[in-house]
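To start, the structure under review is shown below, and the notes come after it.
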Amino acid sequence: MVEWWSGGDRMNQIEWIAVDWGTSRMRLWALNAQGEIVETAAADAGMAKVAQGQFETTLLQLIEPWIAGHQDPVPVIACGMVGARQGWQEVPYEAVPCTPSTQFSKVVTESDQVDVRICWGLKQHSPADVMRGEETQIAGLIHGRSDYDGVVCLPGTHCKWARINQGQVAEFQSFMTGELYELLAKSSVLRFSILDDDWHSDSFDEAVLTALDGPVSITGRLFGLRAESLVSKTGGHGSAARLSGYLIGLELASARRFWESSEVSIIGASKLAKHYQRALRLAGSSAQLLDTETMTLAGLRAAYSAYKVESDV
């Protein structure tokens, strides 16, 4: 399914195309020389849904109206899992400390209508860690605030915490909190007790504080979620919120060095991002919420600026 949002009949104004190509979906923006959006589109054509050898075809089908009539190749700056080993073309990871989204690889295409570049991910040697896609969102924050000196939290399946210093990612750490929730809620014995629509803020708050105060107790408390659903008269109401609270609280306890004495920005507009913001507030910290799409596009604009500098050399 393709979704289009038109900015009017201004195709001749298009100078370049930005693409956020994730695992399940892709978002595309056609922009003019001033970085203003001319056209946008989205499709359920993520990396995991496109067969090998079909990435160029998929892209061209989506942007054909945008590139028609252009005499020179139209620059396409892409980020995300499209640059993974299973994607269109595997691109490198740049080692931190570094400024994100300033390195990219050229993709060899059959079409001469486009000049495709994929942004590099980031890697850290010790402790070993990688990210791909989130670095562009971080670049968007830095692009808008070159003086930012603090921490970025990017909730998701694998939540990332990154420390920003003088416009560079100094260090980062990934946590499998989202994946652990999914596995426990849907593949463990807890699947009989966890209801996704069973949300109680008080239960979440209590679980976060419990995990922060006593993280070593959490593995023992997890089975209690199942036991309560069997022996309690309430049937374990609030178990989904408590499971989330235990895991996010456990993550915050481990990531304390990132958030305890730093300005924190959470990139994400989802319920999950708001849960992290609430958990941080309970922990005595505060965080501003930043929109994922806004930061991603800002990061791709920064990458295009780097591309133009490279092209002029």
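In the structure tokens, chains take letters A, B, ... by order of appearance, with residues numbered from 1 within each chain and ligands from 1 in the order shown.
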
* To do: Write out as an MDAnalysis selection string each polymer residue whose atoms come within 9 Å of A:Arg242, counting only C-alpha atoms; drop sequence neighbours fewer than 4 positions from it.
  => chainID A and resid 199:208 225 238 246:247

Go ahead and dump the residues you just picked, C-alpha atoms, as a tab-separated table (two decimals), in the first residue's frame.
```tsv
chain	number	residue	atom	x	y	z
A	199	TRP	CA	-2.83	-0.81	31.24
A	200	HIS	CA	-2.75	0.68	34.72
A	201	SER	CA	-0.54	3.72	35.30
A	202	ASP	CA	-0.29	3.08	39.03
A	203	SER	CA	0.97	-0.45	38.40
A	204	PHE	CA	3.52	0.88	35.92
A	205	ASP	CA	4.76	3.49	38.39
A	206	GLU	CA	5.09	0.98	41.21
A	207	ALA	CA	7.02	-1.44	39.00
A	208	VAL	CA	9.42	1.23	37.74
A	225	LEU	CA	2.95	-11.74	37.38
A	238	GLY	CA	-2.34	-4.32	35.46
A	246	TYR	CA	9.80	-3.69	35.55
A	247	LEU	CA	11.74	-3.81	32.27
```

* Select from stretch 28-260 of chain A everything DSSP, run on the backbone, classes as helix (DSSP H, G or I), then give the selection as a ChimeraX atom specification. => /A:47-49,55-67,81-83,134-144,177-187,189-192,201-213,215-231,239-254,256-259

With a cut-off of 10 Å, could you pull out the residues of stretch 171-197 of chain A touching stretch 109-132 of chain A and give me the nearest pair of atoms for each, distance in Å to one decimal, using only C-alpha atoms, ordered by chain and ascending number, as a Markdown table?
```
| residue | atom | partner | partner_atom | distance |
| --- | --- | --- | --- | --- |
| A:Glu171 | CA | A:Gln124 | CA | 7.2 |
| A:Phe172 | CA | A:Gln124 | CA | 7.5 |
| A:Gln173 | CA | A:Asp129 | CA | 6.6 |
| A:Ser174 | CA | A:Asp129 | CA | 6.9 |
```

Deliver the residues from the most recent selection as a file, using N, CA and C atoms, as a CSV table (one decimal), in the first residue's frame.
```csv
chain,number,residue,atom,x,y,z
A,171,GLU,N,29.5,8.3,22.9
A,171,GLU,CA,29.3,6.9,23.3
A,171,GLU,C,27.8,6.6,23.2
A,172,PHE,N,27.5,5.3,23.2
A,172,PHE,CA,26.1,4.9,23.2
A,172,PHE,C,26.0,3.5,23.8
A,173,GLN,N,24.8,3.1,24.1
A,173,GLN,CA,24.5,1.8,24.6
A,173,GLN,C,23.1,1.3,24.2
A,174,SER,N,23.0,0.1,23.8
A,174,SER,CA,21.7,-0.5,23.4
A,174,SER,C,21.2,-1.4,24.5
```

Using 12 Å as the limit and counting only C-alpha atoms, can you tabulate each residue of stretch 206-261 of chain A that touches stretch 135-152 of chain A, with its shortest atom-to-atom distance in Å and the two atoms involved, as a tab-separated table?
```
residue	atom	partner	partner_atom	distance
A:Ala255	CA	A:Val151	CA	10.9
A:Arg256	CA	A:Val151	CA	11.3
A:Arg257	CA	A:Val151	CA	10.2
A:Phe258	CA	A:Val151	CA	6.5
A:Trp259	CA	A:Val151	CA	6.8
A:Glu260	CA	A:Val151	CA	10.0
A:Ser261	CA	A:Gly150	CA	9.0
```

Would you mind exporting N, CA and C atoms of the selected residues as a PDB file, in the first residue's frame?
```pdb
ATOM      1  N   ALA A 255      21.164   2.221  32.953  1.00  0.00           N
ATOM      2  CA  ALA A 255      21.584   3.386  32.155  1.00  0.00           C
ATOM      3  C   ALA A 255      21.706   4.646  32.987  1.00  0.00           C
ATOM      4  N   ARG A 256      21.748   4.524  34.293  1.00  0.00           N
ATOM      5  CA  ARG A 256      21.748   5.681  35.183  1.00  0.00           C
ATOM      6  C   ARG A 256      22.855   6.685  34.844  1.00  0.00           C
ATOM      7  N   ARG A 257      24.007   6.192  34.439  1.00  0.00           N
ATOM      8  CA  ARG A 257      25.128   7.094  34.142  1.00  0.00           C
ATOM      9  C   ARG A 257      24.818   8.021  32.970  1.00  0.00           C
ATOM     10  N   PHE A 258      23.855   7.625  32.119  1.00  0.00           N
ATOM     11  CA  PHE A 258      23.503   8.473  30.989  1.00  0.00           C
ATOM     12  C   PHE A 258      22.576   9.612  31.423  1.00  0.00           C
ATOM     13  N   TRP A 259      21.545   9.286  32.203  1.00  0.00           N
ATOM     14  CA  TRP A 259      20.484  10.259  32.428  1.00  0.00           C
ATOM     15  C   TRP A 259      20.553  10.997  33.756  1.00  0.00           C
ATOM     16  N   GLU A 260      21.332  10.513  34.704  1.00  0.00           N
ATOM     17  CA  GLU A 260      21.218  11.042  36.060  1.00  0.00           C
ATOM     18  C   GLU A 260      21.594  12.514  36.170  1.00  0.00           C
ATOM     19  N   SER A 261      22.608  12.952  35.445  1.00  0.00           N
ATOM     20  CA  SER A 261      23.067  14.342  35.588  1.00  0.00           C
ATOM     21  C   SER A 261      23.159  15.038  34.235  1.00  0.00           C
TER      22      SER A 261
END
```

* Quick one: pick out all strand (DSSP E or B) residues within stretch 70-166 of chain A from a backbone DSSP run and write them as a ChimeraX atom specification. => /A:74-79,93-95,98,104-106,114-119,121-124,129-131,150-154,159-165

Those same residues - C-alpha atoms - I'd like them written as a CSV table (one decimal), in the first residue's frame.
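What ended up in out_5.csv:
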```csv
chain,number,residue,atom,x,y,z
A,74,VAL,CA,18.3,13.4,-8.8
A,75,PRO,CA,20.2,12.8,-5.4
A,76,VAL,CA,18.5,10.3,-3.2
A,77,ILE,CA,19.7,10.2,0.5
A,78,ALA,CA,18.5,7.2,2.4
A,79,CYS,CA,18.9,6.0,5.9
A,93,TYR,CA,29.5,1.6,10.5
A,94,GLU,CA,31.4,4.7,11.5
A,95,ALA,CA,33.3,4.5,14.8
A,98,CYS,CA,32.0,11.1,15.3
A,104,PHE,CA,27.5,7.5,3.2
A,105,SER,CA,28.1,5.0,0.4
A,106,LYS,CA,27.1,5.4,-3.2
A,114,VAL,CA,19.1,8.9,-9.6
A,115,ASP,CA,22.2,9.2,-7.5
A,116,VAL,CA,21.6,7.1,-4.5
A,117,ARG,CA,23.6,7.4,-1.2
A,118,ILE,CA,23.0,5.4,2.0
A,119,CYS,CA,24.0,6.8,5.3
A,121,GLY,CA,25.4,3.5,10.9
A,122,LEU,CA,27.5,3.9,14.0
A,123,LYS,CA,29.7,1.4,15.9
A,124,GLN,CA,31.4,1.3,19.2
A,129,ASP,CA,27.6,-1.9,20.1
A,130,VAL,CA,26.0,-0.8,16.8
A,131,MET,CA,23.1,1.3,15.5
A,150,GLY,CA,23.4,15.9,26.7
A,151,VAL,CA,21.8,12.5,26.2
A,152,VAL,CA,19.5,11.1,23.6
A,153,CYS,CA,17.1,8.2,24.3
A,154,LEU,CA,15.6,6.4,21.4
A,159,CYS,CA,16.4,1.2,22.9
A,160,LYS,CA,19.5,3.3,22.4
A,161,TRP,CA,21.1,5.8,24.8
A,162,ALA,CA,23.6,8.1,23.3
A,163,ARG,CA,25.8,10.8,24.9
A,164,ILE,CA,26.3,13.9,22.7
A,165,ASN,CA,29.3,16.1,23.2
```

* Which residue out of A:Val189, A:Trp88, A:Asp213, A:Ala283 has the minimum interatomic distance to A:Val108 when only C-alpha atoms are used? ->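 The shortest atom-to-atom distance to A:Val108 comes from A:Trp88.
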
Within 12 Å of A:Ala51, counting only C-alpha atoms, which residues qualify if same-chain residues fewer than 6 places away don't, as a short mmCIF file (atom, residue, chain, number, x, y, z; two decimals) with C-alpha atoms, in the first residue's frame?
```
data_model
loop_
_atom_site.label_atom_id
_atom_site.label_comp_id
_atom_site.auth_asym_id
_atom_site.auth_seq_id
_atom_site.Cartn_x
_atom_site.Cartn_y
_atom_site.Cartn_z
CA ALA A 45 7.80 -1.71 1.47
CA THR A 57 12.68 -1.08 -8.79
CA THR A 58 10.73 -0.43 -5.60
CA VAL A 82 18.17 -0.42 3.69
CA GLN A 86 19.90 -7.95 4.23
CA GLY A 87 19.09 -4.61 2.57
CA TRP A 88 19.85 -3.03 -0.77
#
```

* Point-to-point distance from atom CA of A:Ile218 to atom CA of A:Ala279, Å rounded to tenths ->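 Going from atom CA of A:Ile218 over to atom CA of A:Ala279, I get 16.1 Å.
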
* So which residues touch A:Leu272 within 12 Å, counting only C-alpha atoms, skipping near sequence neighbours fewer than 3 positions away, as a list in words? -> Cys153, Leu154, Pro155, Gly156, Thr157, Cys159, Thr177, Gly178, Tyr181, Ala241, Ser244, Gly245, Ile248, Ile266, Ile267, Gly268, Ala269, His275, Tyr276, Gln277, Arg278, Ala279 and Leu289 of chain A

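Proximity ranking of A:Lys308, A:Leu28, A:Thr99, A:Thr210 relative to A:Leu60 places A:Leu28 first, based on only C-alpha atoms.
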
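Minimum distance to A:Leu297 across A:Phe175, A:Phe55, A:Trp21, A:Phe223 (counting only C-alpha atoms) occurs at A:Trp21.
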
* Using only C-alpha atoms, find the one residue out of A:Gly69, A:Ala211, A:Ala41, A:Asn32 that sits nearest to A:Ala253. => A:Ala211

* **Shell of 9 Å around A:Trp66, only C-alpha atoms, local chain residues under 6 positions omitted, as a list in words** =>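 Contacts, in chain order: Met11, Asn12, Ile14, Ile17, Ala30 and Glu39 of chain A.
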
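With only C-alpha atoms as the basis for measurement, A:Gly83 is the residue among A:Pro92, A:Ala18, A:Gly83, A:Thr292 that approaches A:Ala48 most closely.
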
* To do: Between atom CA of A:Leu195 and atom CA of A:Glu228, measure the distance and give it in Å to one decimal.
  =>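 For atom CA of A:Leu195 relative to atom CA of A:Glu228, the distance reads 13.7 Å.
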
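Comparing the minimum interatomic distances between A:Leu243 and each of A:Ser285, A:Thr40, A:Gln54, A:Thr219, counting only C-alpha atoms, we find that A:Thr219 sits nearest.
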
* Separation of atom CA of A:Thr296 from atom CA of A:Val169 in Å ->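 Answer for the atom CA of A:Val169 to atom CA of A:Thr296 separation: 16.0 Å.
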
* **Shell around A:Tyr307 at 9 Å using only C-alpha atoms, local window under 2 positions removed, as a list in words** =>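 Once the adjacent positions are removed, what remains is Pro75, Ile77, Thr102, Gln103, Phe104, Arg117, Ala302, Ala303, Tyr304, Ser305, Val309, Glu310, Ser311 and Asp312 of chain A.
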
Shell of 12 Å around A:Arg226, only C-alpha atoms, local chain residues under 6 positions omitted, as a compact mmCIF listing (two decimals) with C-alpha atoms, in the first residue's frame:
```
# COMPACT_ATOMS: atom_id res chain seq x y z
CA LEU A 184 8.04 -12.47 27.74
CA ALA A 185 4.54 -11.25 26.92
CA SER A 188 6.92 -17.20 27.81
CA VAL A 189 4.60 -18.55 30.47
CA LEU A 190 3.57 -14.94 31.08
CA ARG A 191 1.65 -14.96 27.79
CA PHE A 192 -1.28 -16.47 29.69
CA SER A 193 -1.38 -13.47 32.03
CA ILE A 194 -0.35 -10.41 29.99
CA LEU A 195 -3.03 -8.46 28.12
CA GLY A 220 12.04 -13.19 40.79
CA SER A 232 -5.37 -13.21 43.14
CA GLY A 235 -6.84 -11.87 38.22
CA GLY A 236 -3.56 -10.02 37.85
CA HIS A 237 -5.04 -6.77 36.52
CA GLY A 238 -2.34 -4.32 35.46
CA SER A 239 0.14 -7.06 34.56
CA ALA A 240 1.05 -5.53 31.16
CA ARG A 242 3.79 -3.87 35.53
CA LEU A 243 5.85 -5.95 33.10
```
